[in-house]
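Participant: The structure's right below; bear with me while I get my questions together.
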Protein chains: 2
Amino acid sequence: MITALAGGVGAAKFLTGLVRVVDPAALTVVVNVADDETFHGLHVSPDLDSVTYALGGVNDLEQGWGRADETFRTIDELARFGVESWFRLGDLDLATHLLRTERLRAGEPLSRITATVAAAFGLRCRLIPVTDDRLRTIITATDPATGAPRPFAMQEWFVRHRGTPDVLGVEFDGAARARPAPGVLDAISDADIVLVCPSNPVISVGPLLAVPGVRDALAWRRERVVAISPIVGGAPVRGPADRLMAPLGIEVSSLGVARHYRDLCGTLVIDNMDADLAPDISALGVRCVVTDTLMRDHTIAAALAERALAAVA
Amino acid sequence: MITALAGGVGAAKFLTGLVRVVDPAALTVVVNVADDETFHGLHVSPDLDSVTYALGGVNDLEQGWGRADETFRTIDELARFGVESWFRLGDLDLATHLLRTERLRAGEPLSRITATVAAAFGLRCRLIPVTDDRLRTIITATDPATGAPRPFAMQEWFVRHRGTPDVLGVEFDGAARARPAPGVLDAISDADIVLVCPSNPVISVGPLLAVPGVRDALAWRRERVVAISPIVGGAPVRGPADRLMAPLGIEVSSLGVARHYRDLCGTLVIDNMDADLAPDISALGVRCVVTDTLMRDHTIAAALAERALAAVA
C-alpha cells in the first residue's frame with residue numbers, strides 16, 4: 001500500500017511515473033484543495049483535475065495544466081458580458097466543473113464526486129481530496145495598484161497577477177475546522193510508504209498539513225515518509241515556490257525543504273545538481289537520496305518514483 | 001409604442017421582421033419563461049435566448065434555435081460521466097447560461113439579467129420575461145414506457161421525447177403566485193399596438209396569459225391587440241402546437257386560434273392559404289387580415305409585421 005500527498009502539476013508528473021512502477025490499485029493519492037475557486041458559479045478544483053487528467057492521459061503536456069486538444073469557446077464568449085475571464089476554463093474542462101458543481105449543490109461530498117470523476121477518466125488508483133470541508137489558501141501580498149497589503153485568493157495571486165505581488169504571509173482559511181476526508185488518515189497510517197510529491201511546500205503540501213490530524217499522522221510514520229524536493233539548483237522546477245518560501249523564511253533550496261519537512265519525512269530525494277547539499281541534509285537526520293529529479297519524460301518520472309520507493313523498501 | 005408577446009422560434013422570426021419596420025427603441029417584447037429548465041445546474045431560458053439570438057443576428061438559421069457557428073464540446077464531454085445530454089447546450093450558448101445562473105444565484109431578478117444579456121447582444125428593443133417568479137409548463141401525457149399518464153416538464157416532453165407522448169392536459173405550475181415582471185403590465189396598457197406573435201397558443205402564449213393581470217390587461221386593450229396565427233392549412237408552421245391544441249379542444253386551424261383568442265384580440269392575421277376561414281373568423285367579432293405569413297426570409301417577415309401593424313394603425 002502506497003499513499004502519495006499531491007499538489008497539482010509537479011505531483012501529476014511524478015504520479016504518471018509512479019503508476020508505471022507500482023500497481024495503481026495499491027495507490028491512494030491525497031490531493032490539495034486549497035487552490036479551489038469558484039469561477040462563473042462553477043466549483044473548480046485545479047489540483048484534483050491536474051492529477052486526474054494526467055493519470056487519465058488526457059492532460060495538455062505542453063502547458064502542463066488542463067486538457068489536451070482543448071478549446072476555449074465558452075470562456076471567450078463570456079467576455080461579451082464584460083465578465084472577467086483571466087482563469088481560462090476550457091470547453092472539455094467545463095464538463096468536469098459542471099458535474100462537480102451540480103453534485104456539490106445537491107449535497108454530495110467532494111470526495112465522492114472526485115471518485116466518480118476519477119473513474120470516468122479510467123483511473124485505477126484512489127484519489128481523495130484532503131478534506132470535504134472548505135479550505136482556502138489566502139496569500140497576503142502587496143497590491144500592485146495601491147502598494148498596500150491585502151489578501152489574495154491563491155488563483156487571483158498566481159494566475160491573475162502571475163504570482164508577482166510580493167508575499168507577506170500565507171494562511172489556510174478553514175483549516176481549523178476542516179476534517180480529513182474519509183480515508184485520508186487511514187491511507188497515511190496504513191501505507192507501507194508515504195510519498196510527498198515534488199509539489200510546492202507552502203501552498204500545495206502546506207494545506208494538506210494544515211488539516212488537523214494529517215501532520216500528526218505523517219509524523220508517526222516519519223521513517224516511511226519520503227519527500228521529493230521540488231527545488232533544483234536553488235529554484236523551483238516550475239511554479240512560484242520561491243516567491244512563497246523566501247518570505248516565509250524557508251531557504252529556497254533542497255536543504256530548506258529538508259529543514260521544513262524534517263519532522264515529517266525520514267527521507268528526502270534531491271536532484272544530482274544539489275548533491276553537495278546531501279551532507280547538510282543528512283546532518284539534519286533526514287536520509288538523502290540523490291538522483292535525476294527533472295522529469296523530462298515518463299521514463300525519468302518512473303525511475304525517480306522507483307528510487308523514492310527503494311529508499312525505504 | 002409597440003408591445004409584442006413572444007414565445008420562442010416563431011416569435012423570433014416575426015420579431016426580426018418587426019424591427020425592420022419599427023424603431024426598436026419603441027418596442028417592448030414580453031417573453032415566455034415557462035419552458036425554462038435547469039440542465040447540469042444551469043438555468044436555461046430557451047425562449048428568451050431564441051429571441052435574443054435572433055434579434056442579435058447570431059442565431060442558427062438552419063435549425064432555428066441556438067447560436068450560429070455553434071460547437072458542442074462541453075455537452076459531448078459530459079457524456080463521459082454518464083450524464084443525460086439530450087438537451088444540446090452549445091459552447092457559445094453555455095456562456096449565456098453561466099452568466100444567467102450565476103446572477104440568479106446572487107439574487108438578481110431574471111428581468112434585470114435579461115436586460116444585461118440583451119444589451120450584450122446589441123438589442124435596441126426592450127426584452128422582459130413575463131415574470132421573475134417561477135413559472136413552469138407541466139404537460140400531463142402518456143408515458144411511452146409504462147402507458148400510464150404522468151407529468152412531463154416541457155423540455156422533457158418536447159425535446160427528450162420529441163413531443164410524441166399523447167397529451168392529456170397542460171398546467172402552468174406557479175402561475176397563481178407569479179407576479180408580472182416590472183414593466184410588463186405597463187407595456188401592454190401603454191402600447192399603441194399589442195402584437196401576439198405567431199407562437200404556440202397553448203405553451204408559449206398560454207403561460208403569458210396565465211400570469212395574473214396579463215389576460216385582463218390584454219382584454220382591456222382588445223381593439224389594439226393583433227395576433228398572428230401560427231397555424232397554416234390546418235397545421236403549425238413549426239413545432240408541436242397541433243399535438244397540444246387538439247387534446248385541449250382547440251381546433252387546429254386559424255379559426256380555432258381565433259376562437260381561443262377572441263376575448264383578447266380584436267384582429268387576427270391569417271395566411272392566404274386559409275382565406276376561406278376569414279368569414280367565420282369575422283363572424284366571431286375578430287377582424288381578419290389575410291396575407292402571406294410563411295416567413296421564408298426577413299423581407300416577408302417585415303411585410304407581415306407591416307400588415308399586422310396597419311390593421312389597427
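Residues in the C-alpha cells are named by chain (A, B, ... in the order shown) and by number from 1 within that chain; ligands are numbered from 1 in the order shown.
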Find the residues near Asp60 in chain B: any atom within 10 Å, counting only C-alpha atoms, skip ones fewer than 6 places away on the same chain, and give them as a list of chain:residue names.

Facilitator: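 Here the answer would be B:Ser50, B:Tyr53, B:Ala54, B:Gly66, B:Arg67, B:Ala68, B:Asp69, B:Glu70.
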
Participant: Specify as a PyMOL selection string all residues of chain B found within 12 Å of chain A, counting only C-alpha atoms.

Facilitator: chain B and resi 38-43+67+69-85+89-106+113-122

Participant: Need the shell around Leu294 in chain A: protein/DNA/RNA residues with any atom at most 8 Å away, counting only C-alpha atoms. Skip same-chain ones fewer than 4 positions apart. Format as a list of chain:residue names?

Facilitator: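 Selected residues are A:Val237, A:Asp271, A:Ile300, A:Ala301.
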
Participant: When distances are computed from only C-alpha atoms, which of A:Val257, A:Val167, A:Ala278, A:Ala305 shows the smallest separation from Pro240 in chain A?

Facilitator: A:Val167

Participant: Which distance in Å separates CA of Thr267 in chain B and CA of Val226 in chain B, to one decimal?

Facilitator: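 Going from CA of Thr267 in chain B over to CA of Val226 in chain B covers 4.7 Å.
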
Participant: Please extract the residues of range 37-107 of chain B with a backbone DSSP assignment of strand (DSSP E) and present them as a PyMOL selection string.

Facilitator: chain B and resi 37-39+42-44

Participant: List every residue of range 156-215 of chain A that DSSP, applied to the backbone of this structure, places in helix (DSSP H, G or I), and write the result as number ranges by chain.

Facilitator: A: 156-160, 175-177, 184-190, 201-210, 214-215

Participant: Suppose we keep C-alpha atoms; can you now write the selection as a JSON list (two decimals), in the first residue's frame?

Facilitator:
[["chain", "number", "residue", "atom", "x", "y", "z"],
["A", 156, "GLU", "CA", -6.00, 35.58, -8.05],
["A", 157, "TRP", "CA", -2.40, 35.95, -6.89],
["A", 158, "PHE", "CA", -0.94, 33.23, -9.10],
["A", 159, "VAL", "CA", -3.00, 33.34, -12.32],
["A", 160, "ARG", "CA", -4.48, 36.80, -12.44],
["A", 175, "ALA", "CA", -8.08, 24.77, 8.31],
["A", 176, "ALA", "CA", -9.00, 24.84, 12.00],
["A", 177, "ARG", "CA", -12.46, 23.39, 11.30],
["A", 184, "VAL", "CA", -7.24, 10.21, 4.39],
["A", 185, "LEU", "CA", -5.81, 9.41, 7.83],
["A", 186, "ASP", "CA", -6.11, 5.65, 7.30],
["A", 187, "ALA", "CA", -4.34, 5.95, 3.96],
["A", 188, "ILE", "CA", -1.38, 7.58, 5.73],
["A", 189, "SER", "CA", -1.40, 5.26, 8.76],
["A", 190, "ASP", "CA", -1.82, 2.03, 6.78],
["A", 201, "PRO", "CA", 5.86, 23.06, 0.08],
["A", 202, "VAL", "CA", 3.96, 26.21, 1.06],
["A", 203, "ILE", "CA", 0.70, 26.21, -0.89],
["A", 204, "SER", "CA", 0.39, 22.62, -2.13],
["A", 205, "VAL", "CA", 1.71, 20.49, 0.73],
["A", 206, "GLY", "CA", 1.14, 23.23, 3.32],
["A", 207, "PRO", "CA", -2.68, 23.00, 3.20],
["A", 208, "LEU", "CA", -2.53, 19.19, 3.45],
["A", 209, "LEU", "CA", -0.51, 19.53, 6.66],
["A", 210, "ALA", "CA", -2.87, 22.21, 7.96],
["A", 214, "VAL", "CA", -2.64, 14.95, 8.84],
["A", 215, "ARG", "CA", 0.63, 16.34, 10.24]]

Participant: Identify which of the residues A:Thr142, A:Thr137, A:Thr3, A:Thr299 lies closest to Arg224 in chain A, counting only C-alpha atoms when measuring atom-to-atom distances.

Facilitator: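 Between A:Thr142, A:Thr137, A:Thr3, A:Thr299, the residue approaching Arg224 in chain A most closely is A:Thr3.
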
Participant: When you look at Gly147 in chain A with a cut-off of 12 Å (counting only C-alpha atoms), what residues show up, excluding the ones that are within fewer than 5 positions of it in the same chain? I need them as a PyMOL selection string.

Facilitator: chain A and resi 141-142+165-166

Participant: Once you have the residues from the selection above, write them out as a CSV table (one decimal), in the first residue's frame, restricted to C-alpha atoms.

Facilitator:
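What ended up in selection-v3.csv:
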chain,number,residue,atom,x,y,z
A,141,ALA,CA,0.6,40.3,-0.6
A,142,THR,CA,1.3,43.9,-1.8
A,165,PRO,CA,2.7,40.7,-5.9
A,166,ASP,CA,5.2,40.5,-3.0

Participant: Could you check the closest approach to Gly17 in chain B for each of B:Ser45, B:Leu55, B:Ala148, B:Val290 and tell me which residue wins, using only C-alpha atoms?

Facilitator: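 That would be B:Leu55, the residue with the smallest distance to Gly17 in chain B.
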
Participant: Identify which of the residues B:Val232, B:Ala313, B:Leu135, B:Ile2 lies closest to Met295 in chain B, counting only C-alpha atoms when measuring atom-to-atom distances.

Facilitator: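 Closest to Met295 in chain B, using only C-alpha atoms: B:Val232.
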
Participant: Quick check, in Å to one decimal: how far apart do CA of Val31 in chain B and CA of Val252 in chain B lie?

Facilitator: 23.2 Å

Participant: Suppose you want the space between CA of Ala26 in chain A and CA of Leu195 in chain A; what is it in Å?

Facilitator: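 Calculated distance between CA of Ala26 in chain A and CA of Leu195 in chain A is 13.2 Å.
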
Participant: For Ser111 in chain B, which residue among B:Asp173, B:Val33, B:Gly266, B:Leu123 is the nearest when counting only C-alpha atoms?

Facilitator: B:Val33

Participant: Could you check which of B:Arg162, B:Arg88, B:Arg150, B:Arg136 is closest to Arg243 in chain B, using only C-alpha atoms?

Facilitator: B:Arg162

Participant: May I have the residues within 8 Å of Ala241 in chain A as a ChimeraX atom specification, using only C-alpha atoms and disregarding those fewer than 3 positions away in the same chain?

Facilitator: /A:200-202,236,238,244-245

Participant: Residues as selected, C-alpha atoms, written as an mmCIF file, in the first residue's frame, can you do that?

Facilitator:
data_model
loop_
_atom_site.group_PDB
_atom_site.id
_atom_site.type_symbol
_atom_site.label_atom_id
_atom_site.label_comp_id
_atom_site.auth_asym_id
_atom_site.auth_seq_id
_atom_site.Cartn_x
_atom_site.Cartn_y
_atom_site.Cartn_z
ATOM 1 C CA ASN A 200 5.065 23.499 -3.640
ATOM 2 C CA PRO A 201 5.856 23.059 0.079
ATOM 3 C CA VAL A 202 3.960 26.208 1.057
ATOM 4 C CA PRO A 236 11.618 25.608 -8.272
ATOM 5 C CA ARG A 238 8.152 25.116 -12.134
ATOM 6 C CA LEU A 244 6.365 31.889 -1.348
ATOM 7 C CA MET A 245 9.176 30.084 0.506
#
